[in-house]
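Asks: Mind looking over this structure? Questions follow.
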Amino acid sequence: MQQLLEKILDARENRTRILKSKLENSEFVVTLSLNIPGISKKGDLKLKFIQKCFYEYLSNLKKFYETINFDFFEDEAGYIYYIEVAKGDPYQVKKLALDFEDILGKHSSLVDIDVYLSLTKKITRENLAKLPRVCLICDEFAKNCAFKQRHPIEELEKVVDNLLNLEIAFAFSKQYIMHDIINDVSEGKLSPSDRLKEVELSKKYNVSRTKIREVIATLTEYGLLAWRKDIGVIVKQLTYAELTEVIELRKCAKLIIFKDIFEKIKNKDHRVVVERVLEYLQFLDRSNLDLLKKWNEEFYALLFSISDKYFTKNLFNKFEILFSNVRYLISKKAESYFYVIHEQHINICIALLTKSFKELNKSIELYFEDIQKIIIKVMENE
Ligand SMILES: [Zn+2]
């Protein structure tokens with residue numbers, strides 16, 4: 001328990017570092033995280049809950065702003081989104097957050113949306129003439145109850161669990177449903193050629209068929225789904241040629257982003273992020289495959305957070321969508337992939353830190369050569 005507590009504190013410190021580096025590129029930064037008492041900050045229910053909230057808030061923001069970028073992290077302190085709004089008004093962004101809390105009703109006390117103008121200054125509810133938040137259990141202000149530790153942690157945890165199981169007060173946004181379908185593909189719950197039925201999806205997400213149709217149209221445009229005559233919508237199976245192109249595109253995007261990271265780590269705060277990632281990778285327990293897999297994702301989440309090449313990052317995410325069913329095949333059929341990648345990630349970090357751009361390019365090239373080999377093997381066996 002002591003160890004977990006330390007990890008949570010460590011994660012919080014890291015969050016501050018990421019916030020600081022983001023504030024260097026943006027006038028203000030929004031964070032969306034969960035407010036969960038106790039030390040158990042993660043789990044499926046909590047993850048789904050924050051995703052639903054995030055995508056709903058995002059779709060509200062999108063009504064006002066064209067360019068919204070975000071990064072998502074999972075750490076010992078739970079889950080957190082960092083959102084940057086180009087040409088945004090921080091007070092309006094905060095106001096939208098408060099409006100969203102009103103819609104959320106009972107669930108609102110579980111969500112924290114903070115708008116930071118600097119590391120030490122965030123816009124408060126009081127700034128917008130709103131009363132502070134009320135406690136989950138009694139009618140006092142939440143701050144007072146927390147300060148006086150008025151309620152036992154077990155009681156708070158129970159209230160939170162009950163809330164997480166309650167149905168949420170808004171209809172799911174298109175963004176969330178899209179995200180959920182993509183997730184199902186990368187987890188193998190949906191495989192290539194599987195059929196998606198409009199009626200079933202509209203029941204599952206409790207939204208109109210029009211909304212489902214829009215989601216399907218977008219994912220078809222991205223290339224994840226396809227229409228087949230007499231059958232309907234299916235998960236698309238990429239041809240080998242298409243797959244090769246996607247891999248090439250991912251490589252180009254990664255080169256652009258890594259070049260930017262390379263430039264940015266002249267800054268000390270950014271450099272610390274890379275050093276920490278390297279430290280984690282080097283001391284990682286390689287017999288723990290789940291941990292290796294987790295760090296495969298974490299590596300990009302943390303390093304890419306340094307880069308503000310959002311246009312490329314967004315494109316990269318689209319390639320990742322296309323790559324999701326391949327990723328599932330790899331994780332099922334080629335465990336060696338994760339060991340290879342782990343080695344390569346260490347090499348990339350070292351190349352970044354030794355300030356040799358030539359070395360960096362070389363390590364990225366090698367990384368892709370290895371991946372290509374593994375993918376070809378997996379696809380041949382399919
Ligand atoms: Zn209370």
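Each chain in the structure tokens gets a letter, A, B, ..., in the order shown, and its residues are numbered from 1; ligands are numbered from 1 in order too.
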Would you list the residues that come within 10 Å of ligand 1? Count only C-alpha atoms and all ligand atoms and give the answer as a list in words.
Replies: Val134, Cys135, Leu136, Ile137, Cys138, Asp139, Glu140, Phe141, Ala142, Lys143, Asn144, Cys145, Ala146, Lys148, Gln149, Arg150, His151 and Leu156 of chain A
Asks: Could you turn the residues from that selection into a file that holds C-alpha atoms, as a JSON list (two decimals), in the first residue's frame?
Replies:
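Here's the written file part_29.json:
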[["chain", "number", "residue", "atom", "x", "y", "z"],
["A", 134, "VAL", "CA", -20.92, 19.99, -2.94],
["A", 135, "CYS", "CA", -19.78, 16.79, -1.21],
["A", 136, "LEU", "CA", -20.74, 13.39, -2.62],
["A", 137, "ILE", "CA", -22.37, 12.34, 0.62],
["A", 138, "CYS", "CA", -23.66, 15.34, 2.57],
["A", 139, "ASP", "CA", -24.65, 18.90, 1.64],
["A", 140, "GLU", "CA", -21.41, 20.55, 2.80],
["A", 141, "PHE", "CA", -18.89, 21.93, 0.34],
["A", 142, "ALA", "CA", -16.72, 19.05, -0.84],
["A", 143, "LYS", "CA", -13.53, 20.89, 0.13],
["A", 144, "ASN", "CA", -14.58, 21.14, 3.77],
["A", 145, "CYS", "CA", -15.46, 17.47, 4.01],
["A", 146, "ALA", "CA", -12.19, 16.47, 2.42],
["A", 148, "LYS", "CA", -11.90, 17.48, 7.85],
["A", 149, "GLN", "CA", -11.89, 13.91, 6.49],
["A", 150, "ARG", "CA", -15.51, 13.78, 7.55],
["A", 151, "HIS", "CA", -16.41, 10.55, 5.74],
["A", 156, "LEU", "CA", -16.77, 7.30, -0.22]]
Asks: Run DSSP on the backbone of this structure and report the residues of region 91-291 of chain A it assigns to strand (DSSP E), as number ranges by chain.
Replies: A: 111-116, 122-123, 195-196, 225-228, 232-235
Asks: Keeping only N, CA and C atoms, take the residues you just selected and write them out as a PDB file, in the first residue's frame.
Replies:
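Written out: result.pdb:
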ATOM      1  N   VAL A 111     -15.937  14.016 -11.866  1.00  0.00           N
ATOM      2  CA  VAL A 111     -15.107  14.512 -12.971  1.00  0.00           C
ATOM      3  C   VAL A 111     -14.470  15.846 -12.602  1.00  0.00           C
ATOM      4  N   ASP A 112     -13.200  15.972 -12.879  1.00  0.00           N
ATOM      5  CA  ASP A 112     -12.509  17.248 -12.682  1.00  0.00           C
ATOM      6  C   ASP A 112     -12.072  17.797 -14.024  1.00  0.00           C
ATOM      7  N   ILE A 113     -12.596  18.966 -14.377  1.00  0.00           N
ATOM      8  CA  ILE A 113     -12.097  19.625 -15.588  1.00  0.00           C
ATOM      9  C   ILE A 113     -11.440  20.925 -15.136  1.00  0.00           C
ATOM     10  N   ASP A 114     -10.134  20.999 -15.295  1.00  0.00           N
ATOM     11  CA  ASP A 114      -9.395  22.183 -14.859  1.00  0.00           C
ATOM     12  C   ASP A 114      -8.835  22.928 -16.055  1.00  0.00           C
ATOM     13  N   VAL A 115      -8.942  24.238 -15.987  1.00  0.00           N
ATOM     14  CA  VAL A 115      -8.364  25.070 -17.056  1.00  0.00           C
ATOM     15  C   VAL A 115      -7.180  25.830 -16.455  1.00  0.00           C
ATOM     16  N   TYR A 116      -5.987  25.486 -16.898  1.00  0.00           N
ATOM     17  CA  TYR A 116      -4.774  26.099 -16.345  1.00  0.00           C
ATOM     18  C   TYR A 116      -4.280  27.230 -17.253  1.00  0.00           C
ATOM     19  N   LYS A 122      -5.234  28.406 -12.062  1.00  0.00           N
ATOM     20  CA  LYS A 122      -6.306  27.835 -12.861  1.00  0.00           C
ATOM     21  C   LYS A 122      -7.603  28.599 -12.625  1.00  0.00           C
ATOM     22  N   ILE A 123      -8.481  28.521 -13.625  1.00  0.00           N
ATOM     23  CA  ILE A 123      -9.749  29.230 -13.506  1.00  0.00           C
ATOM     24  C   ILE A 123     -10.663  28.416 -12.588  1.00  0.00           C
ATOM     25  N   ARG A 195     -19.782  -8.453 -39.332  1.00  0.00           N
ATOM     26  CA  ARG A 195     -20.819  -7.520 -39.745  1.00  0.00           C
ATOM     27  C   ARG A 195     -21.233  -6.607 -38.596  1.00  0.00           C
ATOM     28  N   LEU A 196     -21.481  -5.347 -38.899  1.00  0.00           N
ATOM     29  CA  LEU A 196     -22.011  -4.410 -37.896  1.00  0.00           C
ATOM     30  C   LEU A 196     -23.435  -4.058 -38.267  1.00  0.00           C
ATOM     31  N   LEU A 225     -14.008   0.428 -41.779  1.00  0.00           N
ATOM     32  CA  LEU A 225     -15.188  -0.361 -42.151  1.00  0.00           C
ATOM     33  C   LEU A 225     -15.383  -0.297 -43.664  1.00  0.00           C
ATOM     34  N   ALA A 226     -16.208  -1.185 -44.186  1.00  0.00           N
ATOM     35  CA  ALA A 226     -16.489  -1.157 -45.624  1.00  0.00           C
ATOM     36  C   ALA A 226     -17.926  -1.600 -45.862  1.00  0.00           C
ATOM     37  N   TRP A 227     -18.499  -1.113 -46.963  1.00  0.00           N
ATOM     38  CA  TRP A 227     -19.834  -1.564 -47.365  1.00  0.00           C
ATOM     39  C   TRP A 227     -19.677  -2.752 -48.291  1.00  0.00           C
ATOM     40  N   ARG A 228     -20.431  -3.785 -48.045  1.00  0.00           N
ATOM     41  CA  ARG A 228     -20.408  -4.888 -49.006  1.00  0.00           C
ATOM     42  C   ARG A 228     -21.832  -5.151 -49.471  1.00  0.00           C
ATOM     43  N   GLY A 232     -23.967  -5.531 -46.125  1.00  0.00           N
ATOM     44  CA  GLY A 232     -24.051  -4.351 -45.277  1.00  0.00           C
ATOM     45  C   GLY A 232     -22.661  -3.906 -44.856  1.00  0.00           C
ATOM     46  N   VAL A 233     -22.564  -3.430 -43.617  1.00  0.00           N
ATOM     47  CA  VAL A 233     -21.273  -2.910 -43.157  1.00  0.00           C
ATOM     48  C   VAL A 233     -20.456  -4.012 -42.495  1.00  0.00           C
ATOM     49  N   ILE A 234     -19.199  -4.079 -42.879  1.00  0.00           N
ATOM     50  CA  ILE A 234     -18.302  -5.051 -42.247  1.00  0.00           C
ATOM     51  C   ILE A 234     -17.009  -4.363 -41.821  1.00  0.00           C
ATOM     52  N   VAL A 235     -16.238  -5.048 -40.978  1.00  0.00           N
ATOM     53  CA  VAL A 235     -14.891  -4.568 -40.661  1.00  0.00           C
ATOM     54  C   VAL A 235     -14.012  -4.909 -41.859  1.00  0.00           C
TER      55      VAL A 235
END
Asks: With only C-alpha atoms as the atoms that count, which of A:Ile36, A:Ile306, A:Ile348, A:Ile181 lies nearest to Lys158 (chain A)?
Replies: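 Of all the options, A:Ile36 lies closest to Lys158 (chain A).
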Asks: Between A:Phe316, A:Phe311, A:Phe170, A:Phe323, which has the minimum distance to Gln237 (chain A) (counting only C-alpha atoms)?
Replies: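 The shortest atom-to-atom distance to Gln237 (chain A) comes from A:Phe323.
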Asks: Given only C-alpha atoms as the basis, pick out the residue of A:Ile18, A:Leu303, A:Leu117, A:Cys53 nearest to Glu101 (chain A).
Replies: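 Between A:Ile18, A:Leu303, A:Leu117, A:Cys53, the residue approaching Glu101 (chain A) most closely is A:Cys53.
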Asks: Residues at most 9 Å from region 4-17 of chain A, counting only C-alpha atoms, excluding those fewer than 4 positions away in the same chain, as a ChimeraX atom specification?
Replies: /A:21-22,39,75-78,80,119,269-270,272-273
Asks: Quick one: everything within 8 Å of Leu45 (chain A), counting only C-alpha atoms, minus sequence neighbours fewer than 4 positions away in the same chain. Send it as an mmCIF file with N, CA and C atoms, in the first residue's frame.
Replies:
data_model
loop_
_atom_site.group_PDB
_atom_site.id
_atom_site.type_symbol
_atom_site.label_atom_id
_atom_site.label_comp_id
_atom_site.auth_asym_id
_atom_site.auth_seq_id
_atom_site.Cartn_x
_atom_site.Cartn_y
_atom_site.Cartn_z
ATOM 1 N N PHE A 49 -16.017 5.306 -18.141
ATOM 2 C CA PHE A 49 -16.689 6.509 -17.658
ATOM 3 C C PHE A 49 -15.954 7.771 -18.102
ATOM 4 N N LEU A 164 -20.791 4.986 -10.512
ATOM 5 C CA LEU A 164 -20.230 4.495 -11.768
ATOM 6 C C LEU A 164 -21.159 3.487 -12.438
ATOM 7 N N ASN A 165 -21.950 2.807 -11.617
ATOM 8 C CA ASN A 165 -22.882 1.825 -12.173
ATOM 9 C C ASN A 165 -24.208 2.438 -12.626
#
Asks: Quick one: residues within 10 Å of Thr312 (chain A), only C-alpha atoms counted, chain neighbours fewer than 4 positions away excluded, as a ChimeraX atom specification?
Replies: /A:250,252-254,256-257,307-308,316-318
Asks: Would you save the residues from that selection as a PDB file, in the first residue's frame, using C-alpha atoms?
Replies:
ATOM      1  CA  ARG A 250       3.119   5.552 -39.964  1.00  0.00           C
ATOM      2  CA  CYS A 252       6.763   9.051 -42.159  1.00  0.00           C
ATOM      3  CA  ALA A 253       4.558  10.472 -39.414  1.00  0.00           C
ATOM      4  CA  LYS A 254       6.797   9.053 -36.710  1.00  0.00           C
ATOM      5  CA  ILE A 256       8.326  13.982 -38.357  1.00  0.00           C
ATOM      6  CA  ILE A 257       7.257  13.716 -34.729  1.00  0.00           C
ATOM      7  CA  SER A 307       5.812  17.295 -29.632  1.00  0.00           C
ATOM      8  CA  ASP A 308       3.312  19.929 -30.684  1.00  0.00           C
ATOM      9  CA  PHE A 316      -0.864   9.358 -37.164  1.00  0.00           C
ATOM     10  CA  ASN A 317      -3.889   8.525 -35.014  1.00  0.00           C
ATOM     11  CA  LYS A 318      -5.902   7.880 -38.154  1.00  0.00           C
TER      12      LYS A 318
END
